[in-house]
$ cat work-v1.pdb   # PDB, C-alpha atoms
ATOM      1  CA  MET A 262      -1.593  12.857   2.535
ATOM      2  CA  VAL A 263       0.855  12.665   5.377
ATOM      3  CA  THR A 264       1.529  14.775   8.461
ATOM      4  CA  LEU A 265       5.036  15.139   9.855
ATOM      5  CA  PHE A 266       6.109  16.302  13.290
ATOM      6  CA  GLY A 267       9.519  17.583  14.292
ATOM      7  CA  ALA A 268      11.469  20.568  15.503
ATOM      8  CA  ASN A 269      13.199  23.639  14.151
ATOM      9  CA  PHE A 270      10.980  24.104  11.125
ATOM     10  CA  GLY A 271       7.849  25.932  10.109
ATOM     11  CA  PRO A 272       6.494  29.432  10.715
ATOM     12  CA  ALA A 273       4.975  30.547  14.018
ATOM     13  CA  ALA A 274       1.630  31.134  12.312
ATOM     14  CA  ILE A 275       0.156  28.422  10.132
ATOM     15  CA  SER A 276       0.583  28.780   6.381
ATOM     16  CA  THR A 277      -1.903  26.839   4.290
ATOM     17  CA  LEU A 278      -2.229  25.435   0.786
ATOM     18  CA  ALA A 279      -1.566  27.780  -2.097
ATOM     19  CA  LEU A 280      -1.990  27.433  -5.856
ATOM     20  CA  ASP A 281       0.547  28.441  -8.477
ATOM     21  CA  SER A 282      -0.238  30.064 -11.822
ATOM     22  CA  ASN A 283      -0.940  26.617 -13.325
ATOM     23  CA  ASN A 284      -3.573  25.890 -10.679
ATOM     24  CA  HIS A 285      -1.321  23.331  -9.000
ATOM     25  CA  VAL A 286      -0.737  23.135  -5.267
ATOM     26  CA  THR A 287       2.666  24.662  -4.570
ATOM     27  CA  THR A 288       5.590  22.585  -3.327
ATOM     28  CA  ALA A 289       6.964  25.468  -1.281
ATOM     29  CA  LEU A 290       5.069  27.064   1.565
ATOM     30  CA  ALA A 291       6.528  29.566   4.016
ATOM     31  CA  ASP A 292      10.066  28.459   3.138
ATOM     32  CA  THR A 293       9.123  24.844   3.815
ATOM     33  CA  LEU A 294       9.751  22.011   1.331
ATOM     34  CA  LEU A 295       9.336  18.267   1.616
ATOM     35  CA  ALA A 296      11.049  15.845  -0.757
ATOM     36  CA  PHE A 297      10.357  12.158  -1.337
ATOM     37  CA  ASP A 298      13.644  11.023  -2.832
ATOM     38  CA  ASN A 299      14.135  13.831  -5.342
ATOM     39  CA  THR A 300      10.486  14.781  -5.855
ATOM     40  CA  LEU A 301       8.951  17.725  -4.005
ATOM     41  CA  ALA A 302       5.551  17.147  -2.434
ATOM     42  CA  PRO A 303       2.549  19.484  -2.784
ATOM     43  CA  MET A 304       2.202  21.262   0.543
ATOM     44  CA  ILE A 305      -1.043  21.314   2.540
ATOM     45  CA  TYR A 306       0.084  23.380   5.530
ATOM     46  CA  THR A 307       3.089  24.150   7.658
ATOM     47  CA  ILE A 308       3.447  25.512  11.177
ATOM     48  CA  ALA A 309       6.255  25.325  13.696
ATOM     49  CA  GLY A 310       6.941  21.643  14.346
ATOM     50  CA  GLN A 311       4.233  20.240  12.085
ATOM     51  CA  MET A 312       3.435  20.055   8.412
ATOM     52  CA  SER A 313       1.245  18.140   5.987
ATOM     53  CA  ALA A 314       1.782  17.307   2.323
ATOM     54  CA  VAL A 315       0.636  15.026  -0.483
ATOM     55  CA  VAL A 316       2.907  12.094  -1.280
ATOM     56  CA  PRO A 317       4.037  12.317  -4.927
ATOM     57  CA  TYR A 318       2.632   9.713  -7.297
ATOM     58  CA  ASN A 319       6.075   8.512  -8.317
ATOM     59  CA  VAL A 320       6.519   6.584  -5.056
ATOM     60  CA  ALA A 321       4.359   3.932  -6.755
ATOM     61  CA  GLY A 322       6.348   0.773  -7.278
ATOM     62  CA  LYS A 323       8.772   1.577  -4.461
ATOM     63  CA  ILE A 324       8.896   0.079  -0.985
ATOM     64  CA  SER A 325      10.927   2.835   0.653
ATOM     65  CA  VAL A 326      11.908   6.412  -0.076
ATOM     66  CA  ASN A 327      14.119   8.941   1.661
ATOM     67  CA  VAL A 328      12.151  11.867   3.037
ATOM     68  CA  ARG A 329      13.928  15.149   3.609
ATOM     69  CA  LEU A 330      12.474  18.393   4.917
ATOM     70  CA  VAL A 331      13.961  21.741   3.986
ATOM     71  CA  TYR A 332      13.210  24.893   5.945
ATOM     72  CA  SER A 333      14.702  28.254   5.121
ATOM     73  CA  GLY A 334      17.353  26.543   3.069
ATOM     74  CA  ALA A 335      18.434  24.113   5.791
ATOM     75  CA  ALA A 336      17.781  20.436   5.078
ATOM     76  CA  SER A 337      17.032  17.719   7.585
ATOM     77  CA  ALA A 338      18.811  14.410   7.505
ATOM     78  CA  PRO A 339      17.068  12.012   5.116
ATOM     79  CA  VAL A 340      14.665   9.642   6.834
ATOM     80  CA  PRO A 341      13.824   6.319   5.173
ATOM     81  CA  VAL A 342      10.059   5.849   5.024
ATOM     82  CA  SER A 343       8.151   2.771   3.915
ATOM     83  CA  VAL A 344       5.685   3.416   1.109
ATOM     84  CA  SER A 345       3.101   1.387  -0.765
ATOM     85  CA  ASP A 346       1.148   1.860  -3.959
ATOM     86  CA  THR A 347      -2.131   2.153  -2.073
ATOM     87  CA  SER A 348      -2.896   2.993   1.556
ATOM     88  CA  PRO A 349      -6.477   4.193   1.749
ATOM     89  CA  ALA A 350      -7.919   5.970   4.780
ATOM     90  CA  LEU A 351     -11.166   7.813   5.359
ATOM     91  CA  PHE A 352     -11.380  11.343   6.716
ATOM     92  CA  THR A 353     -13.302  11.716   9.958
ATOM     93  CA  LEU A 354     -15.119  14.612  11.578
ATOM     94  CA  ASN A 355     -12.567  14.936  14.381
ATOM     95  CA  SER A 356      -9.554  14.528  12.050
ATOM     96  CA  SER A 357      -8.299  11.542  14.067
ATOM     97  CA  GLY A 358      -9.035   8.918  11.418
ATOM     98  CA  SER A 359     -11.463   7.188  13.784
ATOM     99  CA  GLY A 360     -15.059   7.803  14.796
ATOM    100  CA  PRO A 361     -17.767   9.458  12.724
ATOM    101  CA  GLY A 362     -16.645   9.757   9.131
ATOM    102  CA  ALA A 363     -16.508  13.014   7.192
ATOM    103  CA  ILE A 364     -19.528  11.888   5.229
ATOM    104  CA  LEU A 365     -22.254  13.738   3.374
ATOM    105  CA  ASN A 366     -25.827  12.558   3.232
ATOM    106  CA  GLN A 367     -27.768  12.364   0.006
ATOM    107  CA  ASP A 368     -29.214  15.855   0.623
ATOM    108  CA  GLY A 369     -25.711  17.297   1.011
ATOM    109  CA  SER A 370     -25.902  17.663   4.788
ATOM    110  CA  VAL A 371     -23.123  16.427   7.061
ATOM    111  CA  ASN A 372     -23.810  12.939   8.409
ATOM    112  CA  GLN A 373     -24.110  13.202  12.196
ATOM    113  CA  ALA A 374     -25.936  11.507  15.053
ATOM    114  CA  ASP A 375     -28.764  14.012  14.850
ATOM    115  CA  HIS A 376     -28.713  13.902  11.052
ATOM    116  CA  PRO A 377     -28.339  10.238  10.065
ATOM    117  CA  ALA A 378     -28.581   8.795   6.583
ATOM    118  CA  ALA A 379     -31.593   6.760   5.582
ATOM    119  CA  GLN A 380     -31.169   3.156   4.537
ATOM    120  CA  GLY A 381     -31.252   2.996   0.770
ATOM    121  CA  SER A 382     -29.900   6.526   0.407
ATOM    122  CA  VAL A 383     -26.563   7.536  -1.069
ATOM    123  CA  ILE A 384     -23.705   8.713   1.112
ATOM    124  CA  VAL A 385     -20.490  10.433   0.024
ATOM    125  CA  LEU A 386     -17.212   9.508   1.715
ATOM    126  CA  TYR A 387     -13.865  11.268   1.435
ATOM    127  CA  GLY A 388     -10.393   9.919   1.999
ATOM    128  CA  THR A 389      -6.815   9.746   0.862
ATOM    129  CA  GLY A 390      -4.211   7.146  -0.061
ATOM    130  CA  LEU A 391      -5.985   5.826  -3.124
ATOM    131  CA  GLY A 392      -2.753   5.540  -5.087
ATOM    132  CA  VAL A 393      -2.259   5.794  -8.817
ATOM    133  CA  LEU A 394      -5.318   6.811 -10.809
ATOM    134  CA  SER A 395      -6.345   6.671 -14.435
ATOM    135  CA  PRO A 396      -5.849   9.108 -16.020
ATOM    136  CA  LEU A 397      -2.917   9.906 -13.776
ATOM    137  CA  PRO A 398      -3.128  13.485 -12.540
ATOM    138  CA  LYS A 399      -0.030  15.556 -11.994
ATOM    139  CA  ASP A 400       1.170  16.017  -8.436
ATOM    140  CA  GLY A 401      -0.793  18.837  -6.838
ATOM    141  CA  GLU A 402      -3.178  19.146  -9.729
ATOM    142  CA  VAL A 403      -6.579  20.661  -9.035
ATOM    143  CA  THR A 404      -8.985  19.438 -11.644
ATOM    144  CA  SER A 405     -12.618  18.735 -12.276
ATOM    145  CA  VAL A 406     -11.714  15.729 -14.424
ATOM    146  CA  THR A 407     -12.849  12.475 -12.890
ATOM    147  CA  ALA A 408     -10.012  10.010 -12.421
ATOM    148  CA  MET A 409     -10.720   6.428 -11.458
ATOM    149  CA  SER A 410      -8.732   3.865  -9.544
ATOM    150  CA  PRO A 411      -7.621   1.010 -11.821
ATOM    151  CA  GLN A 412      -8.137  -1.295  -8.844
ATOM    152  CA  LYS A 413     -11.409  -2.750  -7.635
ATOM    153  CA  VAL A 414     -13.015  -0.477  -5.051
ATOM    154  CA  LYS A 415     -15.542  -1.817  -2.540
ATOM    155  CA  VAL A 416     -17.459  -0.216   0.301
ATOM    156  CA  THR A 417     -18.476  -2.302   3.303
ATOM    157  CA  ILE A 418     -21.099  -0.873   5.623
ATOM    158  CA  GLY A 419     -21.865  -2.832   8.770
ATOM    159  CA  ALA A 420     -21.408  -6.572   8.466
ATOM    160  CA  PRO A 421     -19.435  -7.910   5.485
ATOM    161  CA  SER A 422     -22.730  -9.095   4.040
ATOM    162  CA  SER A 423     -23.633  -5.436   3.613
ATOM    163  CA  LEU A 424     -21.074  -5.061   0.881
ATOM    164  CA  THR A 425     -22.189  -2.494  -1.612
ATOM    165  CA  PRO A 426     -20.398  -1.568  -4.800
ATOM    166  CA  ALA A 427     -18.834   1.836  -5.078
ATOM    167  CA  ARG A 428     -20.921   3.842  -7.458
ATOM    168  CA  ARG A 429     -18.532   6.601  -8.223
ATOM    169  CA  LEU A 430     -14.959   7.327  -7.447
ATOM    170  CA  ARG A 431     -12.917  10.326  -8.274
ATOM    171  CA  LEU A 432     -10.221  12.572  -6.942
TER     172      LEU A 432
ATOM    173  CA  MET B  23      -7.376  17.783  -5.762
ATOM    174  CA  SER B  24      -4.940  14.959  -6.315
ATOM    175  CA  GLY B  25      -4.422  13.112  -3.043
ATOM    176  CA  VAL B  26      -8.072  13.230  -2.061
ATOM    177  CA  PHE B  27     -10.693  10.736  -3.153
ATOM    178  CA  GLN B  28     -14.458  10.656  -3.077
ATOM    179  CA  VAL B  29     -16.587   7.554  -3.150
ATOM    180  CA  ASN B  30     -20.364   7.422  -3.302
ATOM    181  CA  ALA B  31     -22.214   4.383  -2.008
ATOM    182  CA  THR B  32     -25.767   3.332  -1.379
ATOM    183  CA  LEU B  33     -26.643   2.255   2.143
ATOM    184  CA  PRO B  34     -28.050  -1.241   1.942
ATOM    185  CA  ALA B  35     -31.332  -2.050   3.632
ATOM    186  CA  GLY B  36     -31.344  -3.999   6.860
ATOM    187  CA  ILE B  37     -28.063  -2.739   8.282
ATOM    188  CA  GLY B  38     -29.645  -1.440  11.450
ATOM    189  CA  SER B  39     -29.402   2.034  12.899
ATOM    190  CA  GLY B  40     -26.947   4.104  14.869
ATOM    191  CA  ALA B  41     -23.215   4.390  14.233
ATOM    192  CA  ILE B  42     -22.455   1.686  11.672
ATOM    193  CA  PRO B  43     -18.849   0.765  10.707
ATOM    194  CA  VAL B  44     -17.766   1.656   7.184
ATOM    195  CA  LEU B  45     -14.731   0.445   5.263
ATOM    196  CA  VAL B  46     -13.410   1.121   1.773
ATOM    197  CA  SER B  47     -11.247  -1.471   0.051
ATOM    198  CA  VAL B  48      -8.960  -0.601  -2.841
ATOM    199  CA  GLY B  49      -7.550  -3.724  -4.385
ATOM    200  CA  ASN B  50      -6.126  -5.724  -1.492
ATOM    201  CA  THR B  51      -5.895  -2.833   0.951
ATOM    202  CA  THR B  52      -8.627  -1.558   3.226
ATOM    203  CA  THR B  53      -9.150   1.614   5.233
ATOM    204  CA  PRO B  54      -8.521   1.357   8.992
ATOM    205  CA  THR B  55     -11.374   0.185  11.171
ATOM    206  CA  GLY B  56     -13.164   2.533  13.542
ATOM    207  CA  VAL B  57     -14.860   4.862  11.077
ATOM    208  CA  THR B  58     -18.646   4.996  11.291
ATOM    209  CA  VAL B  59     -21.663   6.394   9.495
ATOM    210  CA  PHE B  60     -24.871   7.363  11.289
ATOM    211  CA  VAL B  61     -27.854   5.484   9.929
ATOM    212  CA  GLN B  62     -31.510   5.718  10.854
TER     213      GLN B  62
END
$ encode --input "work-v1.pdb" --output "structure tokens"
Amino acid sequence: MVTLFGANFGPAAISTLALDSNNHVTTALADTLLAFDNTLAPMIYTIAGQMSAVVPYNVAGKISVNVRLVYSGAASAPVPVSVSDTSPALFTLNSSGSGPGAILNQDGSVNQADHPAAQGSVIVLYGTGLGVLSPLPKDGEVTSVTAMSPQKVKVTIGAPSSLTPARRLRL
Amino acid sequence: MSGVFQVNATLPAGIGSGAIPVLVSVGNTTTPTGVTVFVQ
């Protein structure tokens, strides 16, 4: 997922993720489109001067793509953007990407200072940027099918010696 | 939804308490530092 900032695009009131008849996240939201080379990205939200979308899977294998935003039929100049096959990041409670993670405790409660996880218990972390999965979902697909990363996934908690294997991974 | 991942992990014993750093590595890439989990 990426968030873009700019000018002269987006509605005054936020417009958020919508599904099409195939249960896929739409690539058009409030007259806003975002293209990575020639592939439209599933849209998360758009508001005046800011938008968020999911990077299409077909950037895999590339090092750079041209990103172009279209609003109400008017296209921005293409902007070259570096890409990589994998760029993982964890969601956090304050949406900054730093600080307390958006983590669930084993009982399903939100992990917080006044609701910590017990040692030996299972926690659930959420993030983005995992890259290509197997089986490869379609862009914007909403599915209950578990897809796994073909790469080795590790979770480190505390010191590196606290390495613990990921027990389950899915989109 | 594609674009979002979930990973479940077991907290190892002896990691202390408080806000403990957590990282996820995928192949040769790792999540940014600065994310923590509260442990008792």
$ residues_around --input "work-v1.pdb" --residues "range 50-52 of chain B" --least-positions-apart "6" --cutoff "8 Å" --atoms "all atoms listed in the file" --output "list in words"
Thr347, Ser348, Pro349 and Ala350 of chain A
$ closest_residue --input "work-v1.pdb" --among "A:Val403, A:Ala338, A:Ala302, A:Ile418" --to "Asp281 in chain A" --atoms "all atoms listed in the file"
A:Val403
$ resolve_selection --input "work-v1.pdb" --expression "the PyMOL selection byres ((chain A and resi 360) around 6)" --output "list in words"
Ser359 and Pro361 of chain A; Gly56, Val57 and Thr58 of chain B
$ write_last_selection --input "work-v1.pdb" --atoms "C-alpha atoms" --output "PDB file, in the coordinates of the input"
ATOM      1  CA  SER A 359     -11.463   7.188  13.784  1.00  0.00           C
ATOM      2  CA  PRO A 361     -17.767   9.458  12.724  1.00  0.00           C
TER       3      PRO A 361
ATOM      4  CA  GLY B  56     -13.164   2.533  13.542  1.00  0.00           C
ATOM      5  CA  VAL B  57     -14.860   4.862  11.077  1.00  0.00           C
ATOM      6  CA  THR B  58     -18.646   4.996  11.291  1.00  0.00           C
TER       7      THR B  58
END
$ resolve_selection --input "work-v1.pdb" --expression "the PyMOL selection byres ((chain A and resi 354-357) around 12)" --output "PyMOL selection string"
(chain A and resi 264+350-353+358-365+371-374+386-388) or (chain B and resi 54+56-59)
$ resolve_selection --input "work-v1.pdb" --expression "the PyMOL selection byres ((chain B and resi 29) around 12)" --output "MDAnalysis selection string"
(chainID A and resid 349:352 363:365 383:389 391 407:410 414:417 425:432) or (chainID B and resid 26:28 30:32 44:48)
$ write_last_selection --input "work-v1.pdb" --atoms "C-alpha atoms" --output "PDB file, in the coordinates of the input"
ATOM      1  CA  PRO A 349      -6.477   4.193   1.749  1.00  0.00           C
ATOM      2  CA  ALA A 350      -7.919   5.970   4.780  1.00  0.00           C
ATOM      3  CA  LEU A 351     -11.166   7.813   5.359  1.00  0.00           C
ATOM      4  CA  PHE A 352     -11.380  11.343   6.716  1.00  0.00           C
ATOM      5  CA  ALA A 363     -16.508  13.014   7.192  1.00  0.00           C
ATOM      6  CA  ILE A 364     -19.528  11.888   5.229  1.00  0.00           C
ATOM      7  CA  LEU A 365     -22.254  13.738   3.374  1.00  0.00           C
ATOM      8  CA  VAL A 383     -26.563   7.536  -1.069  1.00  0.00           C
ATOM      9  CA  ILE A 384     -23.705   8.713   1.112  1.00  0.00           C
ATOM     10  CA  VAL A 385     -20.490  10.433   0.024  1.00  0.00           C
ATOM     11  CA  LEU A 386     -17.212   9.508   1.715  1.00  0.00           C
ATOM     12  CA  TYR A 387     -13.865  11.268   1.435  1.00  0.00           C
ATOM     13  CA  GLY A 388     -10.393   9.919   1.999  1.00  0.00           C
ATOM     14  CA  THR A 389      -6.815   9.746   0.862  1.00  0.00           C
ATOM     15  CA  LEU A 391      -5.985   5.826  -3.124  1.00  0.00           C
ATOM     16  CA  THR A 407     -12.849  12.475 -12.890  1.00  0.00           C
ATOM     17  CA  ALA A 408     -10.012  10.010 -12.421  1.00  0.00           C
ATOM     18  CA  MET A 409     -10.720   6.428 -11.458  1.00  0.00           C
ATOM     19  CA  SER A 410      -8.732   3.865  -9.544  1.00  0.00           C
ATOM     20  CA  VAL A 414     -13.015  -0.477  -5.051  1.00  0.00           C
ATOM     21  CA  LYS A 415     -15.542  -1.817  -2.540  1.00  0.00           C
ATOM     22  CA  VAL A 416     -17.459  -0.216   0.301  1.00  0.00           C
ATOM     23  CA  THR A 417     -18.476  -2.302   3.303  1.00  0.00           C
ATOM     24  CA  THR A 425     -22.189  -2.494  -1.612  1.00  0.00           C
ATOM     25  CA  PRO A 426     -20.398  -1.568  -4.800  1.00  0.00           C
ATOM     26  CA  ALA A 427     -18.834   1.836  -5.078  1.00  0.00           C
ATOM     27  CA  ARG A 428     -20.921   3.842  -7.458  1.00  0.00           C
ATOM     28  CA  ARG A 429     -18.532   6.601  -8.223  1.00  0.00           C
ATOM     29  CA  LEU A 430     -14.959   7.327  -7.447  1.00  0.00           C
ATOM     30  CA  ARG A 431     -12.917  10.326  -8.274  1.00  0.00           C
ATOM     31  CA  LEU A 432     -10.221  12.572  -6.942  1.00  0.00           C
TER      32      LEU A 432
ATOM     33  CA  VAL B  26      -8.072  13.230  -2.061  1.00  0.00           C
ATOM     34  CA  PHE B  27     -10.693  10.736  -3.153  1.00  0.00           C
ATOM     35  CA  GLN B  28     -14.458  10.656  -3.077  1.00  0.00           C
ATOM     36  CA  ASN B  30     -20.364   7.422  -3.302  1.00  0.00           C
ATOM     37  CA  ALA B  31     -22.214   4.383  -2.008  1.00  0.00           C
ATOM     38  CA  THR B  32     -25.767   3.332  -1.379  1.00  0.00           C
ATOM     39  CA  VAL B  44     -17.766   1.656   7.184  1.00  0.00           C
ATOM     40  CA  LEU B  45     -14.731   0.445   5.263  1.00  0.00           C
ATOM     41  CA  VAL B  46     -13.410   1.121   1.773  1.00  0.00           C
ATOM     42  CA  SER B  47     -11.247  -1.471   0.051  1.00  0.00           C
ATOM     43  CA  VAL B  48      -8.960  -0.601  -2.841  1.00  0.00           C
TER      44      VAL B  48
END
$ closest_residue --input "work-v1.pdb" --among "A:Pro303, A:Pro339, A:Pro398, A:Gly310" --to "Ala273 in chain A" --atoms "only C-alpha atoms"
A:Gly310
$ atom_distance --input "work-v1.pdb" --atom1 "CA of Pro317 in chain A" --atom2 "CA of Asn269 in chain A"
24.0 Å
$ atom_distance --input "work-v1.pdb" --atom1 "CA of Ala321 in chain A" --atom2 "CA of His285 in chain A"
20.3 Å
$ atom_distance --input "work-v1.pdb" --atom1 "CA of Val344 in chain A" --atom2 "CA of Thr288 in chain A"
19.7 Å
$ closest_residue --input "work-v1.pdb" --among "A:Ala274, A:Val328, A:Val406, A:Val263" --to "Ala291 in chain A" --atoms "only C-alpha atoms"
A:Ala274
$ closest_residue --input "work-v1.pdb" --among "A:Gly322, A:Gly381, A:Pro396, A:Pro272" --to "chain B" --atoms "all atoms listed in the file"
A:Gly381
$ closest_residue --input "work-v1.pdb" --among "A:Ser276, A:Ser333, A:Gly369, A:Gly392" --to "Val316 in chain A" --atoms "only C-alpha atoms"
A:Gly392
$ decode --input "work-v1.pdb" --residues "range 385-407 of chain A" --atoms "N, CA and C atoms" --output "tab-separated table (two decimals), in the first residue's frame"
chain	number	residue	atom	x	y	z
A	385	VAL	N	-0.88	-11.55	16.80
A	385	VAL	CA	-1.21	-11.45	15.39
A	385	VAL	C	-0.80	-10.07	14.90
A	386	LEU	N	0.08	-10.03	13.91
A	386	LEU	CA	0.57	-8.76	13.37
A	386	LEU	C	0.01	-8.56	11.96
A	387	TYR	N	-0.15	-7.31	11.58
A	387	TYR	CA	-0.66	-6.99	10.25
A	387	TYR	C	0.30	-6.01	9.57
A	388	GLY	N	0.43	-6.17	8.26
A	388	GLY	CA	1.32	-5.28	7.53
A	388	GLY	C	1.02	-5.29	6.05
A	389	THR	N	1.94	-4.71	5.31
A	389	THR	CA	1.80	-4.65	3.86
A	389	THR	C	3.18	-4.76	3.23
A	390	GLY	N	3.23	-4.88	1.91
A	390	GLY	CA	4.51	-4.94	1.22
A	390	GLY	C	5.12	-6.31	1.16
A	391	LEU	N	4.29	-7.33	1.31
A	391	LEU	CA	4.83	-8.70	1.33
A	391	LEU	C	5.34	-9.14	-0.03
A	392	GLY	N	4.76	-8.57	-1.08
A	392	GLY	CA	5.18	-8.95	-2.43
A	392	GLY	C	4.35	-10.09	-2.99
A	393	VAL	N	4.91	-10.76	-3.97
A	393	VAL	CA	4.20	-11.82	-4.68
A	393	VAL	C	3.92	-12.99	-3.74
A	394	LEU	N	2.71	-13.52	-3.85
A	394	LEU	CA	2.30	-14.64	-3.00
A	394	LEU	C	2.01	-15.86	-3.86
A	395	SER	N	1.84	-16.98	-3.18
A	395	SER	CA	1.47	-18.22	-3.86
A	395	SER	C	0.31	-18.87	-3.12
A	396	PRO	N	-0.85	-19.07	-3.76
A	396	PRO	CA	-1.14	-18.67	-5.14
A	396	PRO	C	-1.25	-17.16	-5.26
A	397	LEU	N	-0.94	-16.65	-6.43
A	397	LEU	CA	-0.95	-15.21	-6.64
A	397	LEU	C	-2.39	-14.71	-6.77
A	398	PRO	N	-2.80	-13.85	-5.85
A	398	PRO	CA	-4.16	-13.30	-5.98
A	398	PRO	C	-4.20	-12.26	-7.10
A	399	LYS	N	-5.39	-11.95	-7.53
A	399	LYS	CA	-5.54	-10.86	-8.49
A	399	LYS	C	-5.46	-9.53	-7.75
A	400	ASP	N	-5.05	-8.49	-8.46
A	400	ASP	CA	-5.01	-7.17	-7.83
A	400	ASP	C	-6.40	-6.83	-7.28
A	401	GLY	N	-6.44	-6.39	-6.03
A	401	GLY	CA	-7.69	-5.96	-5.44
A	401	GLY	C	-8.60	-7.08	-5.00
A	402	GLU	N	-8.14	-8.30	-5.10
A	402	GLU	CA	-9.00	-9.42	-4.76
A	402	GLU	C	-9.24	-9.50	-3.26
A	403	VAL	N	-10.48	-9.74	-2.90
A	403	VAL	CA	-10.84	-9.99	-1.50
A	403	VAL	C	-11.20	-11.45	-1.41
A	404	THR	N	-10.44	-12.19	-0.63
A	404	THR	CA	-10.62	-13.63	-0.62
A	404	THR	C	-10.34	-14.20	0.75
A	405	SER	N	-10.94	-15.32	1.02
A	405	SER	CA	-10.66	-16.02	2.27
A	405	SER	C	-9.59	-17.09	2.08
A	406	VAL	N	-9.12	-17.24	0.83
A	406	VAL	CA	-8.10	-18.23	0.54
A	406	VAL	C	-6.76	-17.78	1.12
A	407	THR	N	-6.10	-18.66	1.82
A	407	THR	CA	-4.80	-18.33	2.38
A	407	THR	C	-3.72	-18.41	1.32
